[in-house]
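A.B. asks: Once you've had a glance at the structure underneath, I'll fire off some questions.
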Amino acid sequence: MALEVSVALCTRNGARYLPEQIRSICAQTPLPREIVMSDDGSTDGTLAVVRDTLAQCGMSDRIALRVFSNSPPLGVTRNFEQAVRACSHDLIALCDQDDAWHPGRLARMVAQFEARPDLLLLHTDARLVDGDLKPLGSTLFHALEVRPAELEAIASGEAFGVLLRRNLVTGATTMFRKTLLDAALPFAPEWVHDEWLAAVAAATGRMDVLPEPTIDYRQHGNNQIGARRLTLSEKVAKAFVARGDKHVARLRRAEALLQRLEQLGGRVRAGRLDAQRDKVAHQRFRAGLPAARPLRLLPILLEAARGRYERFGRGKQAIVQDVFERG
């Protein structure tokens, strides 16, 4: 039996960009059964644009539209949580208002889920485009400096180990099985929705990646979350910024995931819980480093010798940051 798709579309004053996105959804085969639209207080006629575009595409009677209007706004993560909670069908495709899906995207992704009953979440690369959908000559994975070894690890079932180091999953490219919500809801407030869904999926089942772009990912001044590859000088500058509370925030994120995995108990795959406990220990170490740089050096070298910087972060890059960041 064919799996059916719900689209979780979150909007906020997206009238300028939504026609291209809705038209790209209407051009998919198979068509999604519904669009669940959660709008965060738009004042620019966003809802009318969505309805009018569906009608122009002749899809008003073929794709159900369910609308939630939020006042006051919920914010990105809670907005997506509301949308996915309301989705009715087997598979849920996350959808940003300002992108455009490539032809055949749904067919390619749905086929993966139909062929692999254990697959919980699938994400892809994206082509970076400007505000007018003109290609910028790069992709999302290039901007994130995704390594072939990381893609190979995800494909071989070791996605959790990859995510322990850093997130590679962008919600706009993501589809997941609705059953994932049994473990993922409610979303932890310390996390962004796409990172949280990926982490829970990788901890409890199988997550995978398609290495080719399946959407145009628009980069413009109003992006909630954009993508750009840092230059060498920017990376060097990051090593000397103030530590602030970012390491404490990362510790809180790691603790929130650990708490959820402990609650899930036997649903968590072997080794994942112990790995997350080690991740928490590493983040607690980084958050507790002294303000004075000379006092950090020996503890950092010992932590590096244990292999934790490589296992739970960006390796040498993270070591350099911890050594040189201002206290």
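Labels for the structure tokens follow display order: chains A, B, ..., residues from 1 in each chain, ligands from 1.
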Skipping near chain neighbours, those fewer than 6 positions away, what residues fall within 12 Å of Lys134 of chain A using only C-alpha atoms, listed as a ChimeraX atom specification?
C.D. replies: /A:99-100,127-128,216-220
A.B. asks: Produce a file of the selected residues containing N, CA, C and O atoms, as an mmCIF file, in the first residue's frame.
C.D. replies:
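Everything below was put into again-v6.cif:
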data_model
loop_
_atom_site.group_PDB
_atom_site.id
_atom_site.type_symbol
_atom_site.label_atom_id
_atom_site.label_comp_id
_atom_site.auth_asym_id
_atom_site.auth_seq_id
_atom_site.Cartn_x
_atom_site.Cartn_y
_atom_site.Cartn_z
ATOM 1 N N ASP A 99 11.319 28.454 -0.108
ATOM 2 C CA ASP A 99 12.111 27.581 -0.958
ATOM 3 C C ASP A 99 11.277 27.101 -2.142
ATOM 4 O O ASP A 99 10.153 27.556 -2.353
ATOM 5 N N ALA A 100 11.815 26.165 -2.911
ATOM 6 C CA ALA A 100 11.073 25.555 -4.020
ATOM 7 C C ALA A 100 11.569 24.128 -4.185
ATOM 8 O O ALA A 100 12.780 23.883 -4.196
ATOM 9 N N ARG A 127 20.192 22.983 -3.302
ATOM 10 C CA ARG A 127 20.902 23.961 -4.127
ATOM 11 C C ARG A 127 20.665 25.345 -3.537
ATOM 12 O O ARG A 127 19.516 25.737 -3.296
ATOM 13 N N LEU A 128 21.724 26.090 -3.294
ATOM 14 C CA LEU A 128 21.594 27.436 -2.765
ATOM 15 C C LEU A 128 21.259 28.405 -3.895
ATOM 16 O O LEU A 128 21.910 28.395 -4.944
ATOM 17 N N ASP A 216 15.470 23.978 -3.962
ATOM 18 C CA ASP A 216 16.205 25.225 -4.021
ATOM 19 C C ASP A 216 16.036 25.917 -2.673
ATOM 20 O O ASP A 216 14.906 26.193 -2.239
ATOM 21 N N TYR A 217 17.160 26.182 -2.007
ATOM 22 C CA TYR A 217 17.174 26.734 -0.655
ATOM 23 C C TYR A 217 17.539 28.211 -0.761
ATOM 24 O O TYR A 217 18.681 28.570 -0.992
ATOM 25 N N ARG A 218 16.533 29.045 -0.616
ATOM 26 C CA ARG A 218 16.693 30.459 -0.900
ATOM 27 C C ARG A 218 17.475 31.159 0.213
ATOM 28 O O ARG A 218 17.185 30.984 1.392
ATOM 29 N N GLN A 219 18.478 31.966 -0.194
ATOM 30 C CA GLN A 219 19.279 32.757 0.737
ATOM 31 C C GLN A 219 18.964 34.231 0.518
ATOM 32 O O GLN A 219 19.199 34.772 -0.562
ATOM 33 N N HIS A 220 18.438 34.855 1.557
ATOM 34 C CA HIS A 220 18.077 36.267 1.442
ATOM 35 C C HIS A 220 18.128 36.900 2.822
ATOM 36 O O HIS A 220 18.385 36.232 3.823
#
A.B. asks: Using only C-alpha atoms, find each residue of segment 244-282 of chain A with at least one atom at most 6 Å away from an atom of segment 185-207 of chain A; report its shortest atom-to-atom pair and that distance in Å (one decimal), sort the rows by chain and rising residue number, and return the result as a tab-separated table.
C.D. replies:
residue	atom	partner	partner_atom	distance
A:Arg253	CA	A:Glu190	CA	5.4
A:Arg267	CA	A:Thr204	CA	5.8
A:Val268	CA	A:Thr204	CA	4.5
A:Arg269	CA	A:Thr204	CA	5.4
A:Arg272	CA	A:Ala203	CA	5.9
A.B. asks: Could the residues in this selection be saved with all heavy atoms as an mmCIF file, in the first residue's frame?
C.D. replies:
data_model
loop_
_atom_site.group_PDB
_atom_site.id
_atom_site.type_symbol
_atom_site.label_atom_id
_atom_site.label_comp_id
_atom_site.auth_asym_id
_atom_site.auth_seq_id
_atom_site.Cartn_x
_atom_site.Cartn_y
_atom_site.Cartn_z
ATOM 1 N N ARG A 253 21.444 21.438 25.917
ATOM 2 C CA ARG A 253 20.908 20.654 24.804
ATOM 3 C C ARG A 253 21.239 19.170 24.976
ATOM 4 O O ARG A 253 20.378 18.296 24.799
ATOM 5 C CB ARG A 253 21.490 21.158 23.475
ATOM 6 C CG ARG A 253 20.866 22.411 22.933
ATOM 7 C CD ARG A 253 21.711 23.049 21.840
ATOM 8 N NE ARG A 253 22.217 22.090 20.888
ATOM 9 C CZ ARG A 253 21.616 21.746 19.741
ATOM 10 N NH1 ARG A 253 20.461 22.313 19.422
ATOM 11 N NH2 ARG A 253 22.156 20.889 18.909
ATOM 12 N N ARG A 267 13.483 1.636 23.746
ATOM 13 C CA ARG A 267 13.299 2.040 22.349
ATOM 14 C C ARG A 267 14.578 2.617 21.746
ATOM 15 O O ARG A 267 14.669 2.803 20.538
ATOM 16 C CB ARG A 267 12.170 3.061 22.254
ATOM 17 C CG ARG A 267 10.822 2.498 22.691
ATOM 18 C CD ARG A 267 9.765 3.556 22.816
ATOM 19 N NE ARG A 267 9.455 4.189 21.546
ATOM 20 C CZ ARG A 267 8.536 5.138 21.395
ATOM 21 N NH1 ARG A 267 7.853 5.567 22.447
ATOM 22 N NH2 ARG A 267 8.301 5.663 20.212
ATOM 23 N N VAL A 268 15.555 2.914 22.605
ATOM 24 C CA VAL A 268 16.819 3.486 22.143
ATOM 25 C C VAL A 268 17.748 2.356 21.716
ATOM 26 O O VAL A 268 17.893 1.346 22.415
ATOM 27 C CB VAL A 268 17.477 4.330 23.251
ATOM 28 C CG1 VAL A 268 18.815 4.886 22.783
ATOM 29 C CG2 VAL A 268 16.538 5.459 23.675
ATOM 30 N N ARG A 269 18.389 2.526 20.561
ATOM 31 C CA ARG A 269 19.274 1.492 20.030
ATOM 32 C C ARG A 269 20.507 1.325 20.908
ATOM 33 O O ARG A 269 20.933 2.248 21.596
ATOM 34 C CB ARG A 269 19.683 1.849 18.601
ATOM 35 C CG ARG A 269 18.529 1.848 17.612
ATOM 36 C CD ARG A 269 18.977 2.266 16.230
ATOM 37 N NE ARG A 269 19.941 1.321 15.672
ATOM 38 C CZ ARG A 269 20.593 1.530 14.536
ATOM 39 N NH1 ARG A 269 20.416 2.656 13.864
ATOM 40 N NH2 ARG A 269 21.437 0.640 14.082
ATOM 41 N N ARG A 272 23.564 3.881 22.145
ATOM 42 C CA ARG A 272 23.246 5.306 21.962
ATOM 43 C C ARG A 272 23.162 6.042 23.295
ATOM 44 O O ARG A 272 23.597 7.182 23.410
ATOM 45 C CB ARG A 272 21.935 5.493 21.206
ATOM 46 C CG ARG A 272 21.815 4.836 19.832
ATOM 47 C CD ARG A 272 22.964 5.156 18.915
ATOM 48 N NE ARG A 272 22.680 4.846 17.540
ATOM 49 C CZ ARG A 272 23.256 3.879 16.841
ATOM 50 N NH1 ARG A 272 24.161 3.093 17.426
ATOM 51 N NH2 ARG A 272 22.969 3.681 15.564
#
A.B. asks: Neighbours of segment 22-32 of chain A within 9 Å (only C-alpha atoms; same-chain residues fewer than 3 positions away dropped), as a PyMOL selection string?
C.D. replies: chain A and resi 4-7+18-19+35+50+53-54+56-59+62-64+97+100-107+110
A.B. asks: Fewer than 4 positions away in the same chain doesn't count, so skip those; otherwise give me all residues within 8 Å of segment 299-301 of chain A, counting only C-alpha atoms, as a short mmCIF file (atom, residue, chain, number, x, y, z; two decimals) with N, CA, C and O atoms, in the first residue's frame.
C.D. replies:
data_model
loop_
_atom_site.label_atom_id
_atom_site.label_comp_id
_atom_site.auth_asym_id
_atom_site.auth_seq_id
_atom_site.Cartn_x
_atom_site.Cartn_y
_atom_site.Cartn_z
N LEU A 295 45.30 28.25 32.24
CA LEU A 295 44.76 27.19 33.08
C LEU A 295 43.96 26.16 32.29
O LEU A 295 43.66 25.09 32.81
N ALA A 305 43.34 13.82 24.49
CA ALA A 305 43.96 12.49 24.53
C ALA A 305 42.92 11.39 24.72
O ALA A 305 43.11 10.26 24.25
N ILE A 319 39.40 22.21 19.62
CA ILE A 319 40.49 22.37 20.57
C ILE A 319 41.06 23.79 20.48
O ILE A 319 41.27 24.46 21.52
N ASP A 322 38.73 26.25 22.14
CA ASP A 322 38.74 26.21 23.60
C ASP A 322 40.02 26.80 24.18
O ASP A 322 40.01 27.35 25.28
N VAL A 323 41.11 26.69 23.46
CA VAL A 323 42.37 27.27 23.93
C VAL A 323 42.35 28.79 23.84
O VAL A 323 42.79 29.49 24.76
#
A.B. asks: So which residues of segment 128-282 of chain A fall under helix (DSSP H, G or I) by DSSP, listed as number ranges by chain?
C.D. replies: A: 140-143, 148-155, 159-165, 171-173, 178-184, 193-204, 232-238, 246-267, 272-282
A.B. asks: Nearest to Leu181 of chain A among A:Asp90, A:Asp61, A:Asp44, A:Asp39, with distances taken over only C-alpha atoms: which residue is it?
C.D. replies: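 The shortest atom-to-atom distance to Leu181 of chain A comes from A:Asp90.
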A.B. asks: Closest to Glu310 of chain A among A:Leu261, A:Gly161, A:Gly14, A:Gly266, using only C-alpha atoms?
C.D. replies: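 Closest residue, counting only C-alpha atoms: A:Gly161.
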A.B. asks: Smallest atom-to-atom distance to Tyr309 of chain A: which of A:Leu164, A:Ile215, A:Leu121, A:Pro72, using only C-alpha atoms?
C.D. replies: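 Ranking A:Leu164, A:Ile215, A:Leu121, A:Pro72 by distance to Tyr309 of chain A, first place goes to A:Leu164.
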A.B. asks: Could you give me, as a list in words, the residues within 8 Å of Ser69 of chain A, counting only C-alpha atoms and dropping anything in the same chain fewer than 4 positions from it?
C.D. replies: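 My list of contacting residues is Ser38, Asp39, Asp40 and Gly41 of chain A.
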A.B. asks: Can I get the selected residues back with all heavy atoms, as a PDB file, in the first residue's frame?
C.D. replies:
ATOM      1  N   SER A  38       0.843  26.348   9.432  1.00  0.00           N
ATOM      2  CA  SER A  38       0.836  27.006  10.737  1.00  0.00           C
ATOM      3  C   SER A  38       1.455  28.380  10.559  1.00  0.00           C
ATOM      4  O   SER A  38       2.651  28.497  10.270  1.00  0.00           O
ATOM      5  CB  SER A  38       1.620  26.173  11.755  1.00  0.00           C
ATOM      6  OG  SER A  38       1.516  26.721  13.050  1.00  0.00           O
ATOM      7  N   ASP A  39       0.654  29.408  10.707  1.00  0.00           N
ATOM      8  CA  ASP A  39       1.090  30.771  10.402  1.00  0.00           C
ATOM      9  C   ASP A  39       1.327  31.565  11.675  1.00  0.00           C
ATOM     10  O   ASP A  39       0.465  31.610  12.556  1.00  0.00           O
ATOM     11  CB  ASP A  39       0.054  31.487   9.542  1.00  0.00           C
ATOM     12  CG  ASP A  39       0.514  32.885   9.167  1.00  0.00           C
ATOM     13  OD1 ASP A  39       1.407  32.986   8.307  1.00  0.00           O
ATOM     14  OD2 ASP A  39       0.012  33.854   9.762  1.00  0.00           O
ATOM     15  N   ASP A  40       2.494  32.195  11.759  1.00  0.00           N
ATOM     16  CA  ASP A  40       2.892  32.915  12.961  1.00  0.00           C
ATOM     17  C   ASP A  40       2.614  34.414  12.837  1.00  0.00           C
ATOM     18  O   ASP A  40       3.533  35.242  12.779  1.00  0.00           O
ATOM     19  CB  ASP A  40       4.381  32.669  13.238  1.00  0.00           C
ATOM     20  CG  ASP A  40       4.620  31.944  14.550  1.00  0.00           C
ATOM     21  OD1 ASP A  40       3.638  31.526  15.187  1.00  0.00           O
ATOM     22  OD2 ASP A  40       5.795  31.792  14.941  1.00  0.00           O
ATOM     23  N   GLY A  41       1.342  34.744  12.764  1.00  0.00           N
ATOM     24  CA  GLY A  41       0.951  36.146  12.840  1.00  0.00           C
ATOM     25  C   GLY A  41       1.246  36.975  11.606  1.00  0.00           C
ATOM     26  O   GLY A  41       1.598  38.160  11.719  1.00  0.00           O
TER      27      GLY A  41
END
A.B. asks: Per DSSP on the backbone, filter segment 20-236 of chain A down to the residues in strand (DSSP E or B) and report them as a PyMOL selection string.
C.D. replies: chain A and resi 34-39+64-69+91-96+100-101+119-129+135-139+175-177+206-218
A.B. asks: What is the atom CA of Gly265 of chain A-atom CA of His282 of chain A distance in Å, reported with one decimal?
C.D. replies: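 According to the coordinates, atom CA of Gly265 of chain A and atom CA of His282 of chain A are separated by 22.2 Å.
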A.B. asks: Can you work out which one of A:Ala111, A:Leu47, A:Val36, A:Leu251 has the shortest atom-to-atom distance to Ala93 of chain A, counting only C-alpha atoms?
C.D. replies: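 Closest candidate: A:Val36.
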